Amino acid sequence: MRTVLSQLVVLWVVSGTAATGVAISAAQQADAAKAQDLLPYRDLYTPEEIQKNFRPQQFTPFGDRKFYFEILVPSGWESHLSDFDPDQLAQDKESPVQIADFEPGGGVDDLGIQVLYIRAAAQTGLDRIVTDYAQKSRATVVARQRAELKEGAAEDALLRMNSEDLGPMLVRIMALRHGDIVFIISAGTVEEKYEKNKRLFGAVATTFKASGK
C-alpha cells in the first residue's frame with residue numbers, strides 16, 4: 001500500500017540419546033503447529049465466501065508479460081501498480097522491487113498487501129531469500145513453514161517488525177519462484193489486528209499465480 005506499510009517493505013550437535021531425539025521431535029512438532037496456526041493456507045474459505053468477499057484481478061507490471069500475475073483481492077480494496085525507479089530495476093538481484101499494492105481505502109493505513117519480486121539464480125533457495133528479506137527489514141521471524149501450493153512449493157513466514165508511526169507490526173511474507181523471478185507477497189498489519197486478518201492474508205497469498213513468459 002502507499003502508506004506506512006509500504007515504507008516497511010525492505011529497509012532492506014547431534015546427540016545419540018533417545019531422550020534428545022524425542023525432545024527435538026517435540027520441538028519441531030510444536031513449531032509446525034505454531035506455524036499452521038499463525039500462517040493458515042488450507043481450507044480458508046468456502047467457494048461461496050470466496051465469491052462473496054474477493055475478486056480476481058490480473059496485472060502486468062512494466063507492461064512485461066514476464067511479470068504477469070493473477071491474485072485474489074478483498075472486495076472493496078483499492079489496487080495499484082506501484083511506482084518504481086529505474087535504478088531499482090537495475091538492482092533487482094540485490095533487493096526486492098515492489099510492483100503492486102492493495103489497501104482497504106477509507107483512510108485505513110495500518111493494513112495492506114504488496115507484491116514484490118527479486119531475481120535469483122535457480123540454486124538460491126526460497127528459504128535463503130526469506131531469511132535475507134527478514135534481515136534486511138530488521139525483522140524477527142516469528143514462525144515459518146514450507147507450504148505446498150497448486151503453483152508449487154512456497155516459503156512462508158511471519159515477521160515481527162516495528163513502525164515508528166504504528167508500533168509493532170506482523171507481516172506475512174510468501175515467496176514463490178517463477179523461473180529466475182521470485183515473487184514475494186507481503187501482507188501486514190498492526191500486531192493486534194493480525195489474528196482477525198490472518199485468513200484473509202492467507203487467501204490472497206495462496207491464490208497468487210504467476211504465468212508470464
# chains A, B, ... in the order shown; residues from 1 in each chain; ligands from 1
>>> select_by_dssp(residues="region 138-211 of chain A", states="strand (DSSP E or B)", output="mmCIF file with N, CA and C atoms, in the first residue's frame")
data_model
loop_
_atom_site.group_PDB
_atom_site.id
_atom_site.type_symbol
_atom_site.label_atom_id
_atom_site.label_comp_id
_atom_site.auth_asym_id
_atom_site.auth_seq_id
_atom_site.Cartn_x
_atom_site.Cartn_y
_atom_site.Cartn_z
ATOM 1 N N THR A 140 12.094 -9.813 13.013
ATOM 2 C CA THR A 140 12.262 -11.080 13.716
ATOM 3 C C THR A 140 11.306 -12.101 13.118
ATOM 4 N N VAL A 141 11.818 -13.304 12.853
ATOM 5 C CA VAL A 141 10.961 -14.366 12.323
ATOM 6 C C VAL A 141 10.191 -15.001 13.476
ATOM 7 N N VAL A 142 8.867 -14.898 13.430
ATOM 8 C CA VAL A 142 8.012 -15.455 14.481
ATOM 9 C C VAL A 142 7.685 -16.912 14.189
ATOM 10 N N ALA A 143 7.425 -17.216 12.924
ATOM 11 C CA ALA A 143 7.093 -18.582 12.501
ATOM 12 C C ALA A 143 7.386 -18.694 11.013
ATOM 13 N N ARG A 144 7.677 -19.915 10.571
ATOM 14 C CA ARG A 144 7.868 -20.131 9.141
ATOM 15 C C ARG A 144 7.551 -21.579 8.810
ATOM 16 N N GLN A 145 7.238 -21.807 7.535
ATOM 17 C CA GLN A 145 6.898 -23.148 7.092
ATOM 18 C C GLN A 145 7.096 -23.247 5.588
ATOM 19 N N ARG A 146 7.153 -24.475 5.118
ATOM 20 C CA ARG A 146 7.161 -24.756 3.684
ATOM 21 C C ARG A 146 5.737 -25.083 3.292
ATOM 22 N N ALA A 147 5.163 -24.292 2.404
ATOM 23 C CA ALA A 147 3.773 -24.503 2.000
ATOM 24 C C ALA A 147 3.742 -25.134 0.616
ATOM 25 N N GLU A 148 2.978 -26.188 0.469
ATOM 26 C CA GLU A 148 2.822 -26.849 -0.820
ATOM 27 C C GLU A 148 1.518 -26.363 -1.462
ATOM 28 N N LEU A 149 1.652 -25.554 -2.504
ATOM 29 C CA LEU A 149 0.503 -24.953 -3.164
ATOM 30 C C LEU A 149 0.310 -25.554 -4.551
ATOM 31 N N GLY A 152 3.110 -24.810 -6.760
ATOM 32 C CA GLY A 152 4.411 -25.331 -6.367
ATOM 33 C C GLY A 152 4.730 -24.967 -4.930
ATOM 34 N N ALA A 153 5.945 -25.290 -4.511
ATOM 35 C CA ALA A 153 6.362 -25.039 -3.138
ATOM 36 C C ALA A 153 6.587 -23.547 -2.912
ATOM 37 N N ALA A 154 6.257 -23.104 -1.703
ATOM 38 C CA ALA A 154 6.462 -21.706 -1.326
ATOM 39 C C ALA A 154 7.073 -21.666 0.063
ATOM 40 N N GLU A 155 7.877 -20.654 0.308
ATOM 41 C CA GLU A 155 8.407 -20.413 1.647
ATOM 42 C C GLU A 155 7.532 -19.347 2.297
ATOM 43 N N ASP A 156 7.034 -19.672 3.479
ATOM 44 C CA ASP A 156 6.007 -18.864 4.135
ATOM 45 C C ASP A 156 6.511 -18.477 5.523
ATOM 46 N N ALA A 157 6.444 -17.202 5.873
ATOM 47 C CA ALA A 157 6.971 -16.772 7.172
ATOM 48 C C ALA A 157 6.164 -15.613 7.731
ATOM 49 N N LEU A 158 6.148 -15.521 9.045
ATOM 50 C CA LEU A 158 5.539 -14.384 9.735
ATOM 51 C C LEU A 158 6.655 -13.604 10.411
ATOM 52 N N LEU A 159 6.729 -12.316 10.102
ATOM 53 C CA LEU A 159 7.779 -11.449 10.629
ATOM 54 C C LEU A 159 7.188 -10.421 11.580
ATOM 55 N N ARG A 160 7.938 -10.129 12.623
ATOM 56 C CA ARG A 160 7.573 -9.025 13.515
ATOM 57 C C ARG A 160 8.570 -7.896 13.292
ATOM 58 N N MET A 161 8.047 -6.694 13.004
ATOM 59 C CA MET A 161 8.902 -5.531 12.812
ATOM 60 C C MET A 161 8.246 -4.329 13.461
ATOM 61 N N ASN A 162 8.987 -3.263 13.597
ATOM 62 C CA ASN A 162 8.465 -2.095 14.279
ATOM 63 C C ASN A 162 8.347 -0.911 13.329
ATOM 64 N N SER A 163 7.226 -0.213 13.422
ATOM 65 C CA SER A 163 6.997 1.007 12.660
ATOM 66 C C SER A 163 7.023 2.193 13.619
ATOM 67 N N GLY A 167 3.889 1.306 15.494
ATOM 68 C CA GLY A 167 4.316 0.390 16.539
ATOM 69 C C GLY A 167 4.563 -1.011 16.006
ATOM 70 N N PRO A 168 4.417 -2.040 16.851
ATOM 71 C CA PRO A 168 4.701 -3.421 16.434
ATOM 72 C C PRO A 168 3.776 -3.879 15.308
ATOM 73 N N MET A 169 4.387 -4.482 14.276
ATOM 74 C CA MET A 169 3.642 -4.973 13.120
ATOM 75 C C MET A 169 3.922 -6.469 12.945
ATOM 76 N N LEU A 170 2.940 -7.190 12.427
ATOM 77 C CA LEU A 170 3.135 -8.564 11.992
ATOM 78 C C LEU A 170 2.908 -8.610 10.488
ATOM 79 N N VAL A 171 3.888 -9.139 9.780
ATOM 80 C CA VAL A 171 3.846 -9.162 8.316
ATOM 81 C C VAL A 171 4.086 -10.586 7.834
ATOM 82 N N ARG A 172 3.133 -11.104 7.094
ATOM 83 C CA ARG A 172 3.286 -12.427 6.488
ATOM 84 C C ARG A 172 3.895 -12.267 5.110
ATOM 85 N N ILE A 173 4.953 -13.014 4.846
ATOM 86 C CA ILE A 173 5.531 -12.994 3.512
ATOM 87 C C ILE A 173 5.562 -14.414 2.961
ATOM 88 N N MET A 174 5.278 -14.524 1.674
ATOM 89 C CA MET A 174 5.321 -15.810 0.990
ATOM 90 C C MET A 174 6.114 -15.638 -0.295
ATOM 91 N N ALA A 175 7.116 -16.471 -0.469
ATOM 92 C CA ALA A 175 7.979 -16.391 -1.644
ATOM 93 C C ALA A 175 7.734 -17.592 -2.546
ATOM 94 N N LEU A 176 7.514 -17.306 -3.856
ATOM 95 C CA LEU A 176 7.270 -18.339 -4.853
ATOM 96 C C LEU A 176 8.163 -18.074 -6.059
ATOM 97 N N ARG A 177 8.707 -19.120 -6.617
ATOM 98 C CA ARG A 177 9.610 -18.965 -7.770
ATOM 99 C C ARG A 177 8.881 -19.170 -9.087
ATOM 100 N N HIS A 178 9.240 -18.305 -10.074
ATOM 101 C CA HIS A 178 8.757 -18.456 -11.446
ATOM 102 C C HIS A 178 9.957 -18.184 -12.357
ATOM 103 N N ILE A 181 12.629 -15.371 -11.610
ATOM 104 C CA ILE A 181 11.909 -14.363 -10.834
ATOM 105 C C ILE A 181 11.303 -15.025 -9.599
ATOM 106 N N VAL A 182 11.578 -14.449 -8.435
ATOM 107 C CA VAL A 182 10.926 -14.889 -7.203
ATOM 108 C C VAL A 182 9.952 -13.795 -6.785
ATOM 109 N N PHE A 183 8.679 -14.145 -6.743
ATOM 110 C CA PHE A 183 7.656 -13.205 -6.301
ATOM 111 C C PHE A 183 7.504 -13.313 -4.789
ATOM 112 N N ILE A 184 7.301 -12.188 -4.151
ATOM 113 C CA ILE A 184 7.112 -12.137 -2.705
ATOM 114 C C ILE A 184 5.789 -11.425 -2.427
ATOM 115 N N ILE A 185 4.877 -12.111 -1.775
ATOM 116 C CA ILE A 185 3.632 -11.481 -1.347
ATOM 117 C C ILE A 185 3.804 -11.098 0.110
ATOM 118 N N SER A 186 3.630 -9.827 0.406
ATOM 119 C CA SER A 186 3.808 -9.298 1.759
ATOM 120 C C SER A 186 2.476 -8.741 2.242
ATOM 121 N N ALA A 187 1.977 -9.273 3.356
ATOM 122 C CA ALA A 187 0.670 -8.856 3.878
ATOM 123 C C ALA A 187 0.817 -8.567 5.366
ATOM 124 N N GLY A 188 0.540 -7.330 5.765
ATOM 125 C CA GLY A 188 0.797 -6.985 7.150
ATOM 126 C C GLY A 188 -0.196 -6.032 7.764
ATOM 127 N N THR A 189 -0.147 -5.982 9.089
ATOM 128 C CA THR A 189 -0.992 -5.083 9.846
ATOM 129 C C THR A 189 -0.396 -4.907 11.235
ATOM 130 N N VAL A 190 -0.983 -4.009 12.018
ATOM 131 C CA VAL A 190 -0.533 -3.851 13.399
ATOM 132 C C VAL A 190 -0.801 -5.159 14.141
ATOM 133 N N LYS A 209 -0.897 -16.348 -8.614
ATOM 134 C CA LYS A 209 -0.498 -17.215 -9.726
ATOM 135 C C LYS A 209 0.295 -16.402 -10.739
ATOM 136 N N ALA A 210 1.546 -16.783 -10.940
ATOM 137 C CA ALA A 210 2.390 -16.143 -11.955
ATOM 138 C C ALA A 210 2.409 -17.044 -13.173
#
>>> residues_around(residues="Arg119 (chain A)", least_positions_apart="6", cutoff="6 Å", atoms="only C-alpha atoms", output="VMD selection string")
chain A and resid 92 to 93 180 to 181
>>> write_last_selection(atoms="N, CA and C atoms", output="PDB file, in the first residue's frame")
ATOM      1  N   ASP A  92      17.738  -5.271  -9.123  1.00  0.00           N
ATOM      2  CA  ASP A  92      16.732  -6.241  -8.693  1.00  0.00           C
ATOM      3  C   ASP A  92      17.289  -7.614  -8.342  1.00  0.00           C
ATOM      4  N   LYS A  93      18.592  -7.788  -8.441  1.00  0.00           N
ATOM      5  CA  LYS A  93      19.213  -9.014  -7.929  1.00  0.00           C
ATOM      6  C   LYS A  93      19.675  -8.835  -6.488  1.00  0.00           C
ATOM      7  N   ASP A 180      13.587 -17.326 -13.160  1.00  0.00           N
ATOM      8  CA  ASP A 180      14.582 -16.595 -12.376  1.00  0.00           C
ATOM      9  C   ASP A 180      13.951 -15.472 -11.554  1.00  0.00           C
ATOM     10  N   ILE A 181      12.629 -15.371 -11.610  1.00  0.00           N
ATOM     11  CA  ILE A 181      11.909 -14.363 -10.834  1.00  0.00           C
ATOM     12  C   ILE A 181      11.303 -15.025  -9.599  1.00  0.00           C
TER      13      ILE A 181
END
>>> residues_around(residues="region 80-90 of chain A", least_positions_apart="4", cutoff="7 Å", atoms="only C-alpha atoms", output="CSV table (one decimal) with N, CA and C atoms, in the first residue's frame")
chain,number,residue,atom,x,y,z
A,61,PRO,N,2.9,-5.8,-14.6
A,61,PRO,CA,3.8,-4.8,-14.2
A,61,PRO,C,4.8,-4.5,-15.4
A,97,VAL,N,11.9,-5.5,-5.5
A,97,VAL,CA,11.2,-4.3,-6.1
A,97,VAL,C,9.7,-4.5,-5.9
A,98,GLN,N,9.1,-3.5,-5.3
A,98,GLN,CA,7.6,-3.5,-5.2
A,98,GLN,C,6.9,-3.3,-6.5
A,99,ILE,N,6.0,-4.1,-6.9
A,99,ILE,CA,5.3,-3.9,-8.2
A,99,ILE,C,3.8,-3.7,-8.1
A,100,ALA,N,3.2,-4.0,-7.0
A,100,ALA,CA,1.8,-3.8,-6.8
A,100,ALA,C,1.4,-3.7,-5.4
A,101,ASP,N,0.4,-2.9,-5.1
A,101,ASP,CA,0.0,-2.8,-3.7
A,101,ASP,C,-1.6,-2.7,-3.6
A,102,PHE,N,-2.1,-3.2,-2.5
A,102,PHE,CA,-3.5,-3.3,-2.2
A,102,PHE,C,-3.8,-2.7,-0.8
>>> closest_residue(among="A:Pro47, A:Leu72, A:Asp110, A:Lys66", to="Leu166 (chain A)", atoms="only C-alpha atoms")
A:Asp110
>>> closest_residue(among="A:Trp77, A:Phe201, A:Phe208, A:Tyr68", to="Leu39 (chain A)", atoms="only C-alpha atoms")
A:Phe201
>>> closest_residue(among="A:Asn53, A:Ser79, A:Gln29, A:Ser95", to="Arg199 (chain A)", atoms="only C-alpha atoms")
A:Asn53
>>> closest_residue(among="A:Pro56, A:Gly112, A:Gly105, A:Gly125", to="Asn197 (chain A)", atoms="only C-alpha atoms")
A:Gly112
>>> atom_distance(atom1="CA of Val108 (chain A)", atom2="CA of Pro40 (chain A)")
24.0 Å
>>> closest_residue(among="A:Ala203, A:Ala134, A:Ile71, A:Ala139", to="Val115 (chain A)", atoms="only C-alpha atoms")
A:Ile71
>>> select_by_dssp(residues="region 69-206 of chain A", states="helix (DSSP H, G or I)", output="JSON, numbers by chain")
{"A": [86, 87, 88, 89, 90, 126, 127, 128, 129, 130, 131, 132, 133, 134, 135, 136, 191, 192, 193, 194, 195, 196, 197, 198, 199, 200, 201, 202, 203, 204, 205, 206]}
>>> write_last_selection(atoms="C-alpha atoms", output="CSV table (one decimal), in the first residue's frame")
chain,number,residue,atom,x,y,z
A,86,PRO,CA,14.7,2.6,-13.0
A,87,ASP,CA,17.7,2.4,-10.6
A,88,GLN,CA,15.6,-0.1,-8.5
A,89,LEU,CA,15.2,-2.4,-11.5
A,90,ALA,CA,18.9,-2.3,-12.2
A,126,LEU,CA,13.4,-19.7,-1.2
A,127,ASP,CA,14.4,-20.2,2.4
A,128,ARG,CA,17.5,-18.1,1.9
A,129,ILE,CA,15.5,-15.3,0.2
A,130,VAL,CA,13.0,-15.1,3.1
A,131,THR,CA,15.9,-15.1,5.6
A,132,ASP,CA,17.6,-12.3,3.7
A,133,TYR,CA,14.4,-10.4,3.5
A,134,ALA,CA,13.8,-10.6,7.2
A,135,GLN,CA,17.4,-9.5,8.0
A,136,LYS,CA,17.3,-6.5,5.6
A,191,GLU,CA,0.0,-6.7,15.8
A,192,GLU,CA,-3.4,-6.5,17.5
A,193,LYS,CA,-5.2,-6.9,14.1
A,194,TYR,CA,-3.3,-9.8,12.8
A,195,GLU,CA,-5.5,-12.6,14.2
A,196,LYS,CA,-8.5,-11.0,12.6
A,197,ASN,CA,-6.8,-10.8,9.2
A,198,LYS,CA,-4.7,-13.9,9.0
A,199,ARG,CA,-7.2,-15.9,7.0
A,200,LEU,CA,-7.6,-13.0,4.5
A,201,PHE,CA,-3.8,-12.8,4.2
A,202,GLY,CA,-3.6,-16.5,3.6
A,203,ALA,CA,-6.3,-16.5,0.9
A,204,VAL,CA,-4.5,-13.7,-1.0
A,205,ALA,CA,-1.1,-15.2,-0.8
A,206,THR,CA,-2.0,-18.7,-1.7
>>> atom_distance(atom1="CA of Gln57 (chain A)", atom2="CA of Val73 (chain A)")
6.8 Å
